[in-house]
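Structure data (PDB, C-alpha atoms) from my_file12.pdb:
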```
ATOM      1  CA  MET D   5     -14.060  -6.835  15.892
ATOM      2  CA  TYR D   6     -12.565  -3.327  15.987
ATOM      3  CA  VAL D   7      -9.221  -2.622  14.315
ATOM      4  CA  ARG D   8      -7.394   0.678  13.935
ATOM      5  CA  ILE D   9      -4.993   0.707  10.983
ATOM      6  CA  LEU D  10      -2.215   3.199  10.292
ATOM      7  CA  VAL D  11      -1.691   3.470   6.517
ATOM      8  CA  VAL D  12       1.527   5.045   5.201
ATOM      9  CA  SER D  13       3.256   5.225   1.847
ATOM     10  CA  ASP D  14       6.240   6.811   0.093
ATOM     11  CA  ILE D  15       8.582   7.116   3.054
ATOM     12  CA  HIS D  16      11.616   7.846   0.850
ATOM     13  CA  ASP D  17      14.154   7.315   3.631
ATOM     14  CA  LYS D  18      12.677   9.915   6.001
ATOM     15  CA  PHE D  19      13.527   7.788   9.020
ATOM     16  CA  GLU D  20      12.781  10.598  11.450
ATOM     17  CA  ASN D  21       9.134  10.481  10.365
ATOM     18  CA  VAL D  22       9.030   6.704  10.824
ATOM     19  CA  LYS D  23      10.245   7.100  14.400
ATOM     20  CA  LYS D  24       7.528   9.692  15.086
ATOM     21  CA  LEU D  25       4.875   7.097  14.246
ATOM     22  CA  LYS D  26       5.494   5.354  17.573
ATOM     23  CA  ASN D  27       3.209   8.009  19.061
ATOM     24  CA  VAL D  28       0.321   7.076  16.727
ATOM     25  CA  GLN D  29      -2.166   4.684  18.319
ATOM     26  CA  ARG D  30      -3.004   1.666  16.118
ATOM     27  CA  ASP D  31      -3.456  -2.090  16.057
ATOM     28  CA  LEU D  32      -1.792  -2.574  12.670
ATOM     29  CA  THR D  33       0.425  -0.672  10.237
ATOM     30  CA  ILE D  34       0.202  -1.052   6.458
ATOM     31  CA  VAL D  35       3.070   0.332   4.365
ATOM     32  CA  LEU D  36       2.358   0.871   0.666
ATOM     33  CA  GLY D  37       5.941   1.015  -0.550
ATOM     34  CA  ASP D  38       8.763   3.342  -1.583
ATOM     35  CA  PHE D  39      10.862   2.921   1.530
ATOM     36  CA  VAL D  40      13.937   4.335  -0.227
ATOM     37  CA  GLU D  41      14.778   7.648  -1.840
ATOM     38  CA  PHE D  42      14.449   7.893  -5.621
ATOM     39  CA  GLY D  43      17.571   6.517  -7.294
ATOM     40  CA  LYS D  44      18.914   4.846  -4.136
ATOM     41  CA  PRO D  45      17.523   1.268  -4.131
ATOM     42  CA  ASP D  46      19.285   0.042  -1.000
ATOM     43  CA  ILE D  47      17.805  -2.992   0.801
ATOM     44  CA  SER D  48      19.471  -1.876   4.052
ATOM     45  CA  THR D  49      17.169   1.168   4.084
ATOM     46  CA  VAL D  50      14.130  -1.084   3.717
ATOM     47  CA  ARG D  51      15.377  -3.289   6.557
ATOM     48  CA  LYS D  52      16.077  -0.351   8.865
ATOM     49  CA  ILE D  53      12.584   1.085   8.405
ATOM     50  CA  LEU D  54      10.866  -2.287   8.797
ATOM     51  CA  GLU D  55      12.827  -3.047  11.946
ATOM     52  CA  GLU D  56      11.638   0.237  13.457
ATOM     53  CA  LEU D  57       8.025  -0.330  12.395
ATOM     54  CA  GLY D  58       8.113  -3.938  13.598
ATOM     55  CA  SER D  59       9.251  -2.699  17.010
ATOM     56  CA  GLN D  60       6.158  -0.456  17.068
ATOM     57  CA  GLY D  61       3.686  -3.258  16.246
ATOM     58  CA  GLU D  62       2.427  -5.647  13.585
ATOM     59  CA  THR D  63       3.234  -4.330  10.116
ATOM     60  CA  LEU D  64       2.118  -5.440   6.653
ATOM     61  CA  TYR D  65       3.939  -4.036   3.640
ATOM     62  CA  VAL D  66       4.512  -4.047  -0.087
ATOM     63  CA  PRO D  67       7.535  -2.541  -1.853
ATOM     64  CA  GLY D  68       7.253   0.477  -4.134
ATOM     65  CA  ASN D  69       8.651   1.037  -7.590
ATOM     66  CA  CYS D  70      11.702   2.824  -6.141
ATOM     67  CA  ASP D  71      12.586  -0.108  -3.896
ATOM     68  CA  PRO D  72      15.057  -2.881  -4.792
ATOM     69  CA  ARG D  73      13.797  -6.183  -6.182
ATOM     70  CA  GLU D  74      14.950  -7.963  -3.030
ATOM     71  CA  ALA D  75      12.091  -6.170  -1.248
ATOM     72  CA  THR D  76       9.571  -8.461  -2.972
ATOM     73  CA  GLN D  77      10.931 -11.334  -0.866
ATOM     74  CA  ASP D  78      10.353 -12.183   2.785
ATOM     75  CA  LEU D  79      13.025 -10.276   4.715
ATOM     76  CA  SER D  80      12.367 -12.212   7.958
ATOM     77  CA  ILE D  81      12.081  -9.114  10.125
ATOM     78  CA  SER D  82      10.208  -9.597  13.380
ATOM     79  CA  ASN D  83       6.559  -8.525  13.406
ATOM     80  CA  THR D  84       6.547  -7.579   9.695
ATOM     81  CA  PHE D  85       4.837  -9.428   6.834
ATOM     82  CA  ASN D  86       5.455  -8.922   3.123
ATOM     83  CA  ILE D  87       2.117  -9.131   1.265
ATOM     84  CA  HIS D  88       3.433  -8.548  -2.273
ATOM     85  CA  ALA D  89       1.275 -10.926  -4.361
ATOM     86  CA  ARG D  90       0.197 -12.486  -1.041
ATOM     87  CA  TYR D  91      -2.507 -11.968   1.561
ATOM     88  CA  ARG D  92      -2.977 -11.841   5.306
ATOM     89  CA  ILE D  93      -6.148 -12.200   7.372
ATOM     90  CA  ILE D  94      -6.968  -9.442   9.863
ATOM     91  CA  GLY D  95     -10.179 -10.175  11.737
ATOM     92  CA  ASP D  96     -13.105 -10.320   9.308
ATOM     93  CA  TYR D  97     -10.966  -9.001   6.443
ATOM     94  CA  VAL D  98      -8.318 -10.380   4.107
ATOM     95  CA  ILE D  99      -5.741  -7.899   2.847
ATOM     96  CA  VAL D 100      -4.154  -8.626  -0.536
ATOM     97  CA  GLY D 101      -1.051  -6.720  -1.572
ATOM     98  CA  TYR D 102       0.887  -5.870  -4.689
ATOM     99  CA  GLY D 103       4.023  -3.746  -4.844
ATOM    100  CA  GLY D 104       5.968  -1.911  -7.502
ATOM    101  CA  SER D 105       4.118  -0.152 -10.283
ATOM    102  CA  ASN D 106       3.118  -0.271 -13.894
ATOM    103  CA  PRO D 107       5.857   1.115 -16.223
ATOM    104  CA  THR D 108       6.992   4.717 -15.665
ATOM    105  CA  PRO D 109       9.205   7.042 -17.759
ATOM    106  CA  PHE D 110      11.895   6.822 -15.068
ATOM    107  CA  ASN D 111      12.948   3.156 -15.354
ATOM    108  CA  THR D 112      12.708   2.621 -11.592
ATOM    109  CA  PRO D 113      13.818  -0.717 -10.094
ATOM    110  CA  LEU D 114      10.438  -2.340  -9.505
ATOM    111  CA  GLU D 115       8.142  -1.898 -12.487
ATOM    112  CA  PHE D 116       5.926  -4.601 -13.977
ATOM    113  CA  PRO D 117       3.993  -4.961 -17.231
ATOM    114  CA  GLU D 118       0.263  -4.586 -16.740
ATOM    115  CA  GLU D 119      -0.163  -8.226 -17.769
ATOM    116  CA  THR D 120       2.120  -9.348 -14.931
ATOM    117  CA  ILE D 121       0.299  -7.216 -12.374
ATOM    118  CA  GLU D 122      -3.040  -8.608 -13.489
ATOM    119  CA  ARG D 123      -1.899 -12.233 -13.456
ATOM    120  CA  GLU D 124      -0.084 -12.177 -10.125
ATOM    121  CA  LEU D 125      -2.526  -9.973  -8.228
ATOM    122  CA  GLU D 126      -5.550 -11.889  -9.502
ATOM    123  CA  SER D 127      -3.952 -15.175  -8.446
ATOM    124  CA  ALA D 128      -3.478 -13.822  -4.912
ATOM    125  CA  VAL D 129      -7.029 -12.434  -4.858
ATOM    126  CA  LYS D 130      -8.517 -15.791  -5.842
ATOM    127  CA  GLU D 131      -6.629 -17.501  -3.023
ATOM    128  CA  ALA D 132      -7.696 -14.811  -0.561
ATOM    129  CA  LEU D 133     -11.352 -15.124  -1.488
ATOM    130  CA  GLY D 134     -11.177 -18.750  -0.456
ATOM    131  CA  THR D 135     -10.898 -17.554   3.152
ATOM    132  CA  GLY D 136     -14.467 -16.223   3.024
ATOM    133  CA  LYS D 137     -13.298 -12.870   4.409
ATOM    134  CA  LYS D 138     -14.070  -9.383   3.114
ATOM    135  CA  LEU D 139     -11.458  -8.131   0.658
ATOM    136  CA  ILE D 140      -9.096  -5.150   0.974
ATOM    137  CA  PHE D 141      -6.434  -4.219  -1.605
ATOM    138  CA  ALA D 142      -3.075  -2.738  -0.524
ATOM    139  CA  CYS D 143      -1.106  -1.781  -3.649
ATOM    140  CA  HIS D 144       1.642   0.747  -4.262
ATOM    141  CA  ALA D 145       0.194   1.755  -7.634
ATOM    142  CA  PRO D 146      -3.236   3.395  -7.779
ATOM    143  CA  PRO D 147      -6.033   2.412 -10.157
ATOM    144  CA  LYS D 148      -5.966   4.271 -13.458
ATOM    145  CA  ASP D 149      -8.247   7.220 -14.234
ATOM    146  CA  THR D 150      -9.092   8.155 -10.665
ATOM    147  CA  ALA D 151      -8.453  11.147  -8.427
ATOM    148  CA  ILE D 152      -5.554   9.286  -6.796
ATOM    149  CA  ASP D 153      -3.485   8.618  -9.940
ATOM    150  CA  LYS D 154      -3.469  12.154 -11.370
ATOM    151  CA  ILE D 155      -0.112  13.926 -11.650
ATOM    152  CA  VAL D 156       0.480  17.697 -11.782
ATOM    153  CA  SER D 157       0.179  17.803 -15.579
ATOM    154  CA  GLY D 158      -3.316  16.313 -15.303
ATOM    155  CA  ALA D 159      -2.293  12.957 -16.791
ATOM    156  CA  HIS D 160      -3.588   9.758 -15.195
ATOM    157  CA  VAL D 161      -0.691   7.339 -14.688
ATOM    158  CA  GLY D 162      -2.140   4.548 -12.544
ATOM    159  CA  SER D 163      -2.480   0.864 -13.327
ATOM    160  CA  LYS D 164      -5.227  -0.335 -15.634
ATOM    161  CA  ALA D 165      -4.806  -3.881 -14.306
ATOM    162  CA  ILE D 166      -5.406  -2.756 -10.718
ATOM    163  CA  ARG D 167      -8.468  -0.775 -11.775
ATOM    164  CA  ASP D 168      -9.843  -3.750 -13.719
ATOM    165  CA  LEU D 169      -9.377  -6.078 -10.740
ATOM    166  CA  ILE D 170     -11.018  -3.612  -8.345
ATOM    167  CA  GLU D 171     -14.015  -3.403 -10.657
ATOM    168  CA  LYS D 172     -14.106  -7.191 -11.009
ATOM    169  CA  TYR D 173     -13.656  -8.275  -7.375
ATOM    170  CA  LYS D 174     -15.095  -5.204  -5.595
ATOM    171  CA  PRO D 175     -12.907  -4.991  -2.478
ATOM    172  CA  VAL D 176     -14.440  -2.851   0.252
ATOM    173  CA  LEU D 177     -11.316  -0.691   0.347
ATOM    174  CA  GLY D 178      -8.320   0.038  -1.874
ATOM    175  CA  LEU D 179      -5.153   1.456  -0.256
ATOM    176  CA  HIS D 180      -2.686   3.018  -2.721
ATOM    177  CA  GLY D 181       0.307   5.369  -2.865
ATOM    178  CA  HIS D 182       2.892   6.207  -5.568
ATOM    179  CA  ILE D 183       1.518   9.581  -6.745
ATOM    180  CA  HIS D 184       2.623  12.021  -4.069
ATOM    181  CA  GLU D 185       0.384  14.917  -5.075
ATOM    182  CA  ALA D 186      -2.777  12.824  -5.510
ATOM    183  CA  ILE D 187      -3.753  12.741  -1.840
ATOM    184  CA  GLY D 188      -7.404  11.896  -1.272
ATOM    185  CA  MET D 189     -10.060   9.305  -1.869
ATOM    186  CA  GLU D 190     -12.955   8.524  -4.152
ATOM    187  CA  ARG D 191     -15.422   5.749  -4.770
ATOM    188  CA  LEU D 192     -14.665   3.425  -7.663
ATOM    189  CA  GLY D 193     -17.806   1.376  -8.126
ATOM    190  CA  GLU D 194     -18.368  -0.345  -4.785
ATOM    191  CA  THR D 195     -14.810   0.320  -3.578
ATOM    192  CA  MET D 196     -13.467   3.323  -1.695
ATOM    193  CA  VAL D 197      -9.903   3.942  -2.915
ATOM    194  CA  LEU D 198      -7.492   6.254  -1.137
ATOM    195  CA  ASN D 199      -3.978   7.685  -1.240
ATOM    196  CA  PRO D 200      -2.668   8.822   2.166
ATOM    197  CA  GLY D 201       0.061  10.979   0.636
ATOM    198  CA  PRO D 202       3.758  10.525   1.337
ATOM    199  CA  LEU D 203       5.020   9.934   4.847
ATOM    200  CA  ALA D 204       8.068  11.828   3.561
ATOM    201  CA  TRP D 205       5.753  14.874   3.803
ATOM    202  CA  GLY D 206       4.416  13.704   7.165
ATOM    203  CA  ARG D 207       1.109  12.487   5.705
ATOM    204  CA  TYR D 208      -0.761   9.346   6.754
ATOM    205  CA  VAL D 209      -4.253   7.915   7.135
ATOM    206  CA  ILE D 210      -6.038   6.157   9.984
ATOM    207  CA  VAL D 211      -8.584   3.537   8.931
ATOM    208  CA  GLU D 212     -10.934   2.318  11.660
ATOM    209  CA  ILE D 213     -12.922  -0.830  10.964
ATOM    210  CA  GLU D 214     -15.707  -2.148  13.167
ATOM    211  CA  GLY D 215     -17.884  -4.776  11.553
ATOM    212  CA  ASP D 216     -19.092  -3.347   8.241
ATOM    213  CA  LYS D 217     -18.370   0.237   9.288
ATOM    214  CA  ILE D 218     -15.188   1.839   7.935
ATOM    215  CA  SER D 219     -13.989   5.286   9.020
ATOM    216  CA  ILE D 220     -11.141   7.071   7.191
ATOM    217  CA  THR D 221      -9.183  10.004   8.639
ATOM    218  CA  PHE D 222      -6.457  11.884   6.722
ATOM    219  CA  THR D 223      -3.911  13.501   8.999
ATOM    220  CA  SER D 224      -0.241  14.398   9.375
ATOM    221  CA  LEU D 225       2.609  14.296  11.861
TER     222      LEU D 225
END
```
Could you render the structure as structure tokens?
Amino acid sequence: MYVRILVVSDIHDKFENVKKLKNVQRDLTIVLGDFVEFGKPDISTVRKILEELGSQGETLYVPGNCDPREATQDLSISNTFNIHARYRIIGDYVIVGYGGSNPTPFNTPLEFPEETIERELESAVKEALGTGKKLIFACHAPPKDTAIDKIVSGAHVGSKAIRDLIEKYKPVLGLHGHIHEAIGMERLGETMVLNPGPLAWGRYVIVEIEGDKISITFTSL
């Protein structure tokens, strides 16, 4: 089975960029959170963006740390599926999501203790593995001590729990956002982890999967 996935993150209320995505060919969209602008946790913004993406095609999403807590719930928007601490099967793969982030200095609306992330994400992973499908992570926060969690100062601010679970369960792919400047990818053990960069800057990634072959293309609007 061939599937072409559009991966976006950190939209931050740039609705004009969301509308431009209708010209991007894909079978599935995955949104890695931060629908809203920093300091403006409005669920109506999340709904507006999801309604547009749902009109463009099937969309899986998790909320980001800037998003309101209501965004962890099912918003019942056509053609969109919230995978925060849940999973969804796509062909030969099962995609497990987790939104929000580990604690930050900014006291954003959707932050979780590392212990909570580990418990809830691992529970979803164990359920997903029961499907017998190959595992993909889709999390707003990146794994700690990688190229994709490094801020301008050089500090690594990702989630230790997410890193530990990647190393334990070895998903084939880890999709992450949160750190705007840490665009790129690297291999973490057996897992390729990537950060597409913020859609607010026009950045996104296309992931093409055909059998065991995965192709990753970084691009922009």
Separation of CA of Gly101 in chain D from CA of Glu20 in chain D in Å | 25.7 Å
For Leu198 in chain D, please output as number ranges by chain all residues within 7 Å (counting all atoms listed in the file; exclusion window: fewer than 2 positions along the same chain).
-> D: 152, 178-180, 188-190, 196, 200
Take the PyMOL selection byres ((chain D and resi 47) around 7), run it mentally on this structure, and tell me the resulting residues as a PDB file with C-alpha atoms, in the coordinates of the input.
```
ATOM      1  CA  PRO D  45      17.523   1.268  -4.131  1.00  0.00           C
ATOM      2  CA  ASP D  46      19.285   0.042  -1.000  1.00  0.00           C
ATOM      3  CA  SER D  48      19.471  -1.876   4.052  1.00  0.00           C
ATOM      4  CA  THR D  49      17.169   1.168   4.084  1.00  0.00           C
ATOM      5  CA  VAL D  50      14.130  -1.084   3.717  1.00  0.00           C
ATOM      6  CA  ARG D  51      15.377  -3.289   6.557  1.00  0.00           C
ATOM      7  CA  PRO D  72      15.057  -2.881  -4.792  1.00  0.00           C
ATOM      8  CA  GLU D  74      14.950  -7.963  -3.030  1.00  0.00           C
ATOM      9  CA  ALA D  75      12.091  -6.170  -1.248  1.00  0.00           C
TER      10      ALA D  75
END
```
Within 12 Å of Ala142 in chain D, counting only C-alpha atoms, which residues show up once you throw out same-chain ones fewer than 6 positions away? Write them as a ChimeraX atom specification, please.
-> /D:11-13,33-37,64-68,86-92,98-104,125,128-129,166,170,175-182,197-200
Write the residues you've just listed into a file as a short mmCIF file (atom, residue, chain, number, x, y, z; two decimals), in the coordinates of the input, and include C-alpha atoms for each of them.
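Written file, part_6.cif:
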```cif
data_model
loop_
_atom_site.label_atom_id
_atom_site.label_comp_id
_atom_site.auth_asym_id
_atom_site.auth_seq_id
_atom_site.Cartn_x
_atom_site.Cartn_y
_atom_site.Cartn_z
CA VAL D 11 -1.69 3.47 6.52
CA VAL D 12 1.53 5.04 5.20
CA SER D 13 3.26 5.22 1.85
CA THR D 33 0.42 -0.67 10.24
CA ILE D 34 0.20 -1.05 6.46
CA VAL D 35 3.07 0.33 4.36
CA LEU D 36 2.36 0.87 0.67
CA GLY D 37 5.94 1.01 -0.55
CA LEU D 64 2.12 -5.44 6.65
CA TYR D 65 3.94 -4.04 3.64
CA VAL D 66 4.51 -4.05 -0.09
CA PRO D 67 7.54 -2.54 -1.85
CA GLY D 68 7.25 0.48 -4.13
CA ASN D 86 5.46 -8.92 3.12
CA ILE D 87 2.12 -9.13 1.26
CA HIS D 88 3.43 -8.55 -2.27
CA ALA D 89 1.27 -10.93 -4.36
CA ARG D 90 0.20 -12.49 -1.04
CA TYR D 91 -2.51 -11.97 1.56
CA ARG D 92 -2.98 -11.84 5.31
CA VAL D 98 -8.32 -10.38 4.11
CA ILE D 99 -5.74 -7.90 2.85
CA VAL D 100 -4.15 -8.63 -0.54
CA GLY D 101 -1.05 -6.72 -1.57
CA TYR D 102 0.89 -5.87 -4.69
CA GLY D 103 4.02 -3.75 -4.84
CA GLY D 104 5.97 -1.91 -7.50
CA LEU D 125 -2.53 -9.97 -8.23
CA ALA D 128 -3.48 -13.82 -4.91
CA VAL D 129 -7.03 -12.43 -4.86
CA ILE D 166 -5.41 -2.76 -10.72
CA ILE D 170 -11.02 -3.61 -8.35
CA PRO D 175 -12.91 -4.99 -2.48
CA VAL D 176 -14.44 -2.85 0.25
CA LEU D 177 -11.32 -0.69 0.35
CA GLY D 178 -8.32 0.04 -1.87
CA LEU D 179 -5.15 1.46 -0.26
CA HIS D 180 -2.69 3.02 -2.72
CA GLY D 181 0.31 5.37 -2.86
CA HIS D 182 2.89 6.21 -5.57
CA VAL D 197 -9.90 3.94 -2.92
CA LEU D 198 -7.49 6.25 -1.14
CA ASN D 199 -3.98 7.68 -1.24
CA PRO D 200 -2.67 8.82 2.17
#
```
Residue nearest Asp31 in chain D among D:Asp96, D:Asp153, D:Glu185, D:Glu62 (counting all atoms listed in the file) =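 Of all the options, D:Glu62 lies closest to Asp31 in chain D.
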D:Lys174, D:Lys24, D:Ala165, D:Thr150 ranked by distance to Ala204 in chain D, top pick (using all atoms listed in the file) =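 Checking each of D:Lys174, D:Lys24, D:Ala165, D:Thr150 against Ala204 in chain D, counting all atoms listed in the file, the winner is D:Lys24.
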Counting all atoms listed in the file, the option among D:Lys172, D:Ala145, D:Glu41, D:Ser59 closest to Glu126 in chain D =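 Looking only at the distances to Glu126 in chain D, the closest residue turns out to be D:Lys172.
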With distances taken over all atoms listed in the file, which of D:Cys143, D:Ile53, D:Ile9, D:Ile93 is nearest to Ile121 in chain D?
->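 Looking at the shortest contact to Ile121 in chain D, the residue is D:Cys143.
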Which of these residues is nearest to Thr63 in chain D, using all atoms listed in the file: D:Tyr6, D:Leu79, D:Arg207, D:Leu32?
->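 Looking at the shortest contact to Thr63 in chain D, the residue is D:Leu32.
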